[in-house]
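Here is the file input-v4.txt (compact mmCIF, C-alpha atoms).
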# COMPACT_ATOMS: atom_id res chain seq x y z
CA MET A 1212 -6.40 13.93 -12.02
CA SER A 1213 -6.20 14.06 -8.23
CA GLN A 1214 -10.01 14.35 -8.15
CA LEU A 1215 -10.44 11.09 -10.07
CA THR A 1216 -13.31 9.04 -8.63
CA LEU A 1217 -15.19 5.91 -9.56
CA ALA A 1218 -18.22 6.29 -7.30
CA SER A 1219 -20.05 3.26 -8.62
CA LEU A 1220 -17.11 1.02 -7.77
CA ASN A 1221 -17.02 2.25 -4.19
CA HIS A 1222 -20.31 0.46 -3.68
CA ALA A 1223 -19.44 -2.68 -5.64
CA PRO A 1224 -19.77 -5.88 -3.56
CA LEU A 1225 -16.89 -8.33 -3.56
CA SER A 1226 -18.79 -11.01 -5.48
CA GLN A 1227 -16.97 -13.79 -7.30
CA GLY A 1228 -16.08 -13.64 -10.98
CA SER A 1229 -14.59 -11.27 -13.51
CA ALA A 1230 -16.67 -8.30 -12.32
CA GLN A 1231 -15.02 -8.61 -8.90
CA VAL A 1232 -11.53 -8.66 -10.43
CA SER A 1233 -12.29 -5.62 -12.62
CA ALA A 1234 -13.69 -3.64 -9.69
CA GLN A 1235 -10.70 -4.41 -7.51
CA TRP A 1236 -8.16 -3.44 -10.15
CA ALA A 1237 -10.10 -0.29 -11.01
CA HIS A 1238 -10.12 0.74 -7.34
CA ASP A 1239 -6.34 0.40 -7.03
CA ILE A 1240 -5.75 2.12 -10.36
CA ARG A 1241 -7.89 5.02 -9.16
CA ASN A 1242 -5.71 5.38 -6.07
CA ALA A 1243 -2.54 5.19 -8.16
CA LEU A 1244 -3.74 7.82 -10.63
CA ALA A 1245 -4.94 10.06 -7.82
CA THR A 1246 -1.45 9.91 -6.34
CA VAL A 1247 0.07 10.78 -9.72
CA GLY A 1248 -2.23 13.79 -9.77
CA LEU A 1249 -0.81 14.93 -6.44
CA HIS A 1250 2.71 14.56 -7.81
CA LEU A 1251 1.86 16.70 -10.82
CA GLU A 1252 0.17 19.35 -8.68
CA THR A 1253 3.33 19.59 -6.62
CA LEU A 1254 5.45 19.89 -9.76
CA GLU A 1255 3.54 23.04 -10.65
CA ARG A 1256 4.96 24.66 -7.53
CA LEU A 1257 8.49 23.32 -7.68
CA SER A 1258 11.51 23.48 -9.91
CA GLY A 1259 15.09 22.21 -9.97
CA SER A 1260 16.24 18.90 -8.53
CA ARG A 1261 13.24 18.54 -6.23
CA GLY A 1262 10.89 18.88 -9.19
CA ARG A 1263 12.84 16.27 -11.12
CA GLU A 1264 12.63 13.87 -8.16
CA ILE A 1265 8.86 14.17 -8.06
CA ALA A 1266 8.61 13.85 -11.83
CA LEU A 1267 10.50 10.55 -11.67
CA ALA A 1268 8.12 9.28 -8.99
CA ALA A 1269 5.15 10.31 -11.10
CA HIS A 1270 6.50 8.50 -14.17
CA ALA A 1271 7.18 5.36 -12.14
CA LEU A 1272 3.67 5.36 -10.70
CA MET A 1273 2.11 5.93 -14.12
CA SER A 1274 4.06 2.92 -15.40
CA ARG A 1275 2.76 0.86 -12.49
CA ALA A 1276 -0.81 2.00 -13.23
CA ALA A 1277 -0.42 1.04 -16.89
CA THR A 1278 0.66 -2.45 -15.82
CA MET A 1279 -2.41 -2.70 -13.60
CA CYS A 1280 -4.63 -1.70 -16.55
CA ASN A 1281 -3.07 -4.38 -18.73
CA GLU A 1282 -3.63 -7.04 -16.09
CA ALA A 1283 -7.22 -5.90 -15.53
CA MET A 1284 -7.96 -6.32 -19.21
CA THR A 1285 -6.28 -9.72 -19.29
CA GLN A 1286 -8.24 -10.95 -16.30
CA SER A 1287 -11.62 -9.51 -17.30
CA GLY A 1288 -12.63 -12.69 -19.10
CA GLN A 1289 -11.35 -15.08 -16.44
CA SER A 1290 -13.41 -16.37 -13.54
CA ASP A 1291 -10.31 -16.78 -11.37
CA ALA A 1292 -7.22 -14.60 -11.63
CA PRO A 1293 -3.96 -16.56 -11.91
CA ILE A 1294 -1.68 -16.48 -8.90
CA ARG A 1295 1.97 -15.90 -9.78
CA ARG A 1296 3.88 -16.59 -6.60
CA ARG A 1297 7.65 -16.38 -6.44
CA GLY A 1298 10.34 -15.50 -3.95
CA PHE A 1299 11.22 -11.80 -3.64
CA ASP A 1300 12.57 -9.37 -1.06
CA ILE A 1301 9.57 -7.61 0.47
CA VAL A 1302 11.77 -4.85 1.91
CA LYS A 1303 12.60 -3.70 -1.62
CA THR A 1304 8.89 -3.53 -2.43
CA ILE A 1305 8.23 -1.50 0.73
CA VAL A 1306 11.03 0.96 -0.08
CA GLN A 1307 9.68 1.33 -3.62
CA ILE A 1308 6.20 2.15 -2.30
CA ALA A 1309 7.62 4.61 0.23
CA ASN A 1310 9.57 6.41 -2.47
CA LEU A 1311 6.52 6.59 -4.76
CA LEU A 1312 4.23 8.00 -2.07
CA ARG A 1313 6.72 10.07 -0.07
CA PRO A 1314 6.42 13.22 -2.27
CA THR A 1315 2.65 13.34 -1.67
CA ALA A 1316 2.96 13.38 2.12
CA PRO A 1317 2.39 16.65 3.99
CA ASP A 1318 5.33 18.46 5.55
CA GLY A 1319 6.56 16.75 8.69
CA PHE A 1320 5.16 13.33 7.77
CA GLU A 1321 7.74 10.54 7.80
CA ILE A 1322 7.71 6.99 6.47
CA ARG A 1323 10.07 4.65 8.31
CA VAL A 1324 11.10 1.24 7.01
CA ALA A 1325 12.83 -1.05 9.50
CA GLY A 1326 14.24 -4.53 8.97
CA SER A 1327 17.55 -6.30 9.50
CA GLY A 1328 18.73 -7.93 6.27
CA SER A 1329 16.65 -9.36 3.42
CA PHE A 1330 13.19 -10.81 3.91
CA ILE A 1331 12.25 -13.19 1.13
CA VAL A 1332 8.54 -14.05 0.88
CA LEU A 1333 6.66 -16.43 -1.39
CA ALA A 1334 3.84 -14.45 -2.99
CA ASP A 1335 2.74 -12.58 -6.10
CA PRO A 1336 4.86 -9.39 -6.04
CA GLN A 1337 2.08 -7.38 -7.71
CA ASP A 1338 -0.45 -8.48 -5.09
CA VAL A 1339 1.88 -7.57 -2.22
CA PHE A 1340 2.55 -4.18 -3.82
CA ARG A 1341 -1.19 -3.53 -3.95
CA ILE A 1342 -1.73 -4.56 -0.32
CA LEU A 1343 0.99 -2.32 1.07
CA PHE A 1344 0.29 0.54 -1.33
CA ASN A 1345 -3.32 0.66 -0.09
CA LEU A 1346 -2.25 0.78 3.56
CA VAL A 1347 0.42 3.47 3.12
CA HIS A 1348 -1.83 5.47 0.79
CA ASN A 1349 -4.60 5.46 3.43
CA ALA A 1350 -2.29 6.82 6.13
CA ILE A 1351 -1.00 9.62 3.91
CA THR A 1352 -4.54 10.49 2.81
CA LEU A 1353 -5.58 10.89 6.44
CA ALA A 1354 -2.57 13.09 7.14
CA ARG A 1355 -3.41 15.28 4.16
CA GLN A 1356 -6.97 15.60 5.45
CA GLY A 1357 -5.70 17.14 8.68
CA ILE A 1358 -5.71 14.06 10.90
CA ARG A 1359 -2.68 14.31 13.17
CA ILE A 1360 -0.35 11.57 11.98
CA THR A 1361 3.36 12.41 12.00
CA HIS A 1362 4.83 9.09 10.95
CA LEU A 1363 4.12 5.64 9.58
CA THR A 1364 6.46 2.76 10.44
CA LEU A 1365 6.74 -0.48 8.45
CA LEU A 1366 8.63 -3.02 10.53
CA VAL A 1367 9.61 -6.33 8.88
CA GLU A 1368 10.28 -9.35 11.09
CA ARG A 1369 10.76 -13.10 10.68
CA ALA A 1370 9.29 -15.75 13.00
CA GLY A 1371 9.95 -19.34 11.96
CA THR A 1372 8.70 -19.83 8.41
CA SER A 1373 6.69 -16.59 8.37
CA VAL A 1374 7.56 -12.98 7.55
CA THR A 1375 5.42 -10.29 9.15
CA VAL A 1376 5.14 -6.62 8.19
CA ARG A 1377 3.76 -4.31 10.89
CA ILE A 1378 2.31 -1.10 9.50
CA ALA A 1379 1.77 1.32 12.38
CA ASP A 1380 0.93 5.02 12.55
CA ASP A 1381 0.83 7.42 15.49
CA GLY A 1382 -2.60 8.84 14.71
CA PRO A 1383 -5.78 8.83 16.81
CA GLY A 1384 -6.60 5.22 15.93
CA LEU A 1385 -9.83 3.74 14.58
CA PRO A 1386 -13.22 4.12 16.27
CA LYS A 1387 -14.72 0.89 17.58
CA ALA A 1388 -17.59 1.06 15.10
CA VAL A 1389 -15.12 1.17 12.21
CA ARG A 1390 -12.94 -1.65 13.57
CA THR A 1391 -15.88 -4.06 13.82
CA ASN A 1392 -16.50 -4.25 10.05
CA LEU A 1393 -13.17 -2.91 8.88
CA PHE A 1394 -12.43 -5.46 6.15
CA ARG A 1395 -15.93 -5.53 4.65
CA ALA A 1396 -16.44 -3.77 1.32
CA THR A 1397 -19.46 -1.89 2.68
CA ALA A 1398 -17.74 -0.74 5.87
CA LEU A 1399 -17.06 2.98 6.13
CA SER A 1400 -13.34 3.56 5.98
CA THR A 1401 -11.36 6.30 7.68
CA THR A 1402 -10.65 7.92 4.31
CA GLY A 1403 -14.34 8.48 3.57
CA SER A 1404 -14.81 5.67 1.05
CA HIS A 1405 -16.53 2.36 1.71
CA GLY A 1406 -13.53 0.37 2.80
CA LEU A 1407 -13.05 -1.41 -0.51
CA GLY A 1408 -9.27 -0.93 -0.33
CA LEU A 1409 -8.94 -2.86 2.93
CA ALA A 1410 -11.30 -5.58 1.71
CA ILE A 1411 -9.15 -5.97 -1.40
CA ALA A 1412 -5.97 -6.01 0.65
CA ARG A 1413 -7.21 -8.81 2.92
CA GLU A 1414 -8.44 -10.89 -0.03
CA LEU A 1415 -5.11 -10.49 -1.83
CA ALA A 1416 -3.26 -11.57 1.31
CA GLU A 1417 -5.42 -14.65 1.71
CA ARG A 1418 -5.09 -15.78 -1.89
CA ASN A 1419 -1.32 -15.65 -1.38
CA GLY A 1420 -1.56 -17.86 1.70
CA GLY A 1421 -1.16 -14.90 4.03
CA VAL A 1422 -3.16 -13.00 6.64
CA LEU A 1423 -3.90 -9.28 7.05
CA ARG A 1424 -5.12 -8.22 10.48
CA LEU A 1425 -5.79 -5.11 12.53
CA ALA A 1426 -3.57 -5.48 15.59
CA ASP A 1427 -4.08 -4.07 19.06
CA SER A 1428 -2.01 -0.96 19.69
CA ALA A 1429 -1.74 1.59 22.46
CA ARG A 1430 -1.70 4.43 19.98
CA GLY A 1431 -2.73 4.87 16.38
CA ALA A 1432 -3.71 2.07 14.00
CA THR A 1433 -1.53 -1.00 13.41
CA PHE A 1434 -1.99 -3.59 10.68
CA THR A 1435 -0.01 -6.81 10.34
CA LEU A 1436 0.60 -8.64 7.08
CA GLU A 1437 1.87 -12.20 7.51
CA LEU A 1438 3.28 -14.11 4.51
CA THR A 1439 5.19 -17.34 3.93
CA GLY A 1440 8.92 -16.74 4.23
CA LEU A 1441 11.74 -18.37 2.30
CA ALA A 1442 15.45 -18.73 3.06
CA THR A 1443 16.97 -15.28 3.43
CA MET A 1444 19.65 -13.84 1.18
CA PRO A 1445 22.87 -12.35 2.61
CA ALA A 1446 22.15 -9.44 4.92
CA GLU A 1447 22.11 -5.98 3.38
CA SER A 1448 23.98 -3.04 4.82
CA GLY A 1449 20.86 -0.83 4.80
CA ALA A 1450 19.28 -2.49 7.82
CA MET A 1451 17.33 0.55 8.87
CA ARG A 1452 15.87 3.09 6.47
CA SER A 1453 14.00 6.22 7.44
CA LEU A 1454 12.02 7.79 4.64
CA GLY A 1455 10.55 11.19 5.27
CA LYS A 1456 11.34 13.88 2.76
CA ARG A 1457 14.53 11.95 1.94
CA VAL A 1458 15.90 8.42 2.18
CA VAL A 1459 18.44 7.80 4.94
CA GLN A 1460 20.57 4.66 4.84
CA HIS A 1461 22.86 3.58 7.67

structure tokens encoding of this file:
Amino acid sequence: MSQLTLASLNHAPLSQGSAQVSAQWAHDIRNALATVGLHLETLERLSGSRGREIALAAHALMSRAATMCNEAMTQSGQSDAPIRRRGFDIVKTIVQIANLLRPTAPDGFEIRVAGSGSFIVLADPQDVFRILFNLVHNAITLARQGIRITHLTLLVERAGTSVTVRIADDGPGLPKAVRTNLFRATALSTTGSHGLGLAIARELAERNGGVLRLADSARGATFTLELTGLATMPAESGAMRSLGKRVVQH
């Protein structure tokens, strides 16, 4: 399962229509199923409570993939996918993604989620999940390939009516040639594919009234996702979470 590939879709252009929607969903489903495969491979080597933890993550991700399949089939006959925007706490989505992907990270890799209180955004929760899943998945994939990345930080901030998520790693960064065409479907990505994941992520952000950018950074690669913010809910006690091989709440 972890070797699942859809080579033809890696080269699919982001043209308009139902074919575009199907290719995008199939790409994200491939990533999700590949991650499930990594969970199951790990389960073969583990037992006890740690094995049960990974099994739960695998089941949750399989459920998410099944939902994606259902939506892909529903949208296959539609020229434009419906946008289902609502208010939700993006920090909860980030923590969910971190917990799903954390067991696949190599030893020593840490996912950090930082934000003070709740951050309510107006967007399609499924779209935002896909955007952030792609970005975190890419960083972990690089780390598994031997690229020196020890941590990925997702910092959530509010500025006026906007909520911004900064996704930053401490790796070697992106070569200039890659940065130039980073969000194009035909651009070579750092994970060895053709950059379709980042092209999908930017398009999903834009159709939700948001923006996904590659930001300047002194070290590593940093992406920023900006979305429309809504009135915040009462502040949560877990203002800072650090997710490496376990979740730490202060």

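Compared by their closest atoms to Ala1325 of chain A, and using all atoms listed in the file, the residues A:Arg1241, A:Arg1424, A:Lys1303, A:Arg1275 rank with A:Lys1303 nearest.
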
What is the atom CA of Phe1340 of chain A to atom CA of Gly1326 of chain A distance in Å?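 Between atom CA of Phe1340 of chain A and atom CA of Gly1326 of chain A the gap is 17.3 Å.
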
Taking into account all atoms listed in the file, which residue in the set A:Ala1442, A:Leu1257, A:Met1279, A:Val1247 is nearest to Thr1372 of chain A?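 Result for the nearest residue to Thr1372 of chain A: A:Ala1442.
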
Find the residues near Leu1436 of chain A: any atom within 7 Å, counting all atoms listed in the file, skip ones fewer than 5 places away on the same chain, and give them as a list of chain:residue names. A:Thr1375, A:Val1376, A:Arg1377, A:Val1422, A:Leu1423, A:Arg1424

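Remark: for Thr1391 of chain A, the closest of the candidate residues A:Ala1354, A:Leu1425, A:Ala1309, A:Ala1266 is A:Leu1425 (distances computed over all atoms listed in the file).
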
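The shell of residues at most 8 Å from segment 1341-1353 of chain A, with all atoms listed in the file counted and near chain neighbours (fewer than 5 positions) removed, consists of Asp1239, Asn1242, Ile1305, Ile1308, Ala1309, Leu1312, Thr1315, Ala1316, Pro1317, Ile1358, Ile1360, Leu1363, Ile1378, Asp1380, Thr1401, Thr1402, Gly1408, Leu1409, Ile1411, Ala1412, Arg1413, Leu1415 and Ala1416 of chain A.
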
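By all atoms listed in the file, and with residues fewer than 4 positions from Arg1430 of chain A along its chain excluded, the set lying at most 10 Å from it is Ala1379, Asp1380, Asp1381, Gly1382, Pro1383, Gly1384 and Leu1385 of chain A.
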
The selected residues should be written to file as a CSV table (one decimal), keeping the file's coordinate frame (atoms: C-alpha atoms).
chain,number,residue,atom,x,y,z
A,1379,ALA,CA,1.8,1.3,12.4
A,1380,ASP,CA,0.9,5.0,12.6
A,1381,ASP,CA,0.8,7.4,15.5
A,1382,GLY,CA,-2.6,8.8,14.7
A,1383,PRO,CA,-5.8,8.8,16.8
A,1384,GLY,CA,-6.6,5.2,15.9
A,1385,LEU,CA,-9.8,3.7,14.6

Please, what distance in Å, to one decimal, runs between atom CA of Thr1439 of chain A and atom CA of Arg1390 of chain A?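 One can read the atom CA of Thr1439 of chain A to atom CA of Arg1390 of chain A distance as 25.8 Å.
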
Shortest contact to Leu1365 of chain A, candidates A:Asp1318, A:Arg1418, A:Thr1433, A:Gly1298, atoms counted only C-alpha atoms, goes to A:Thr1433
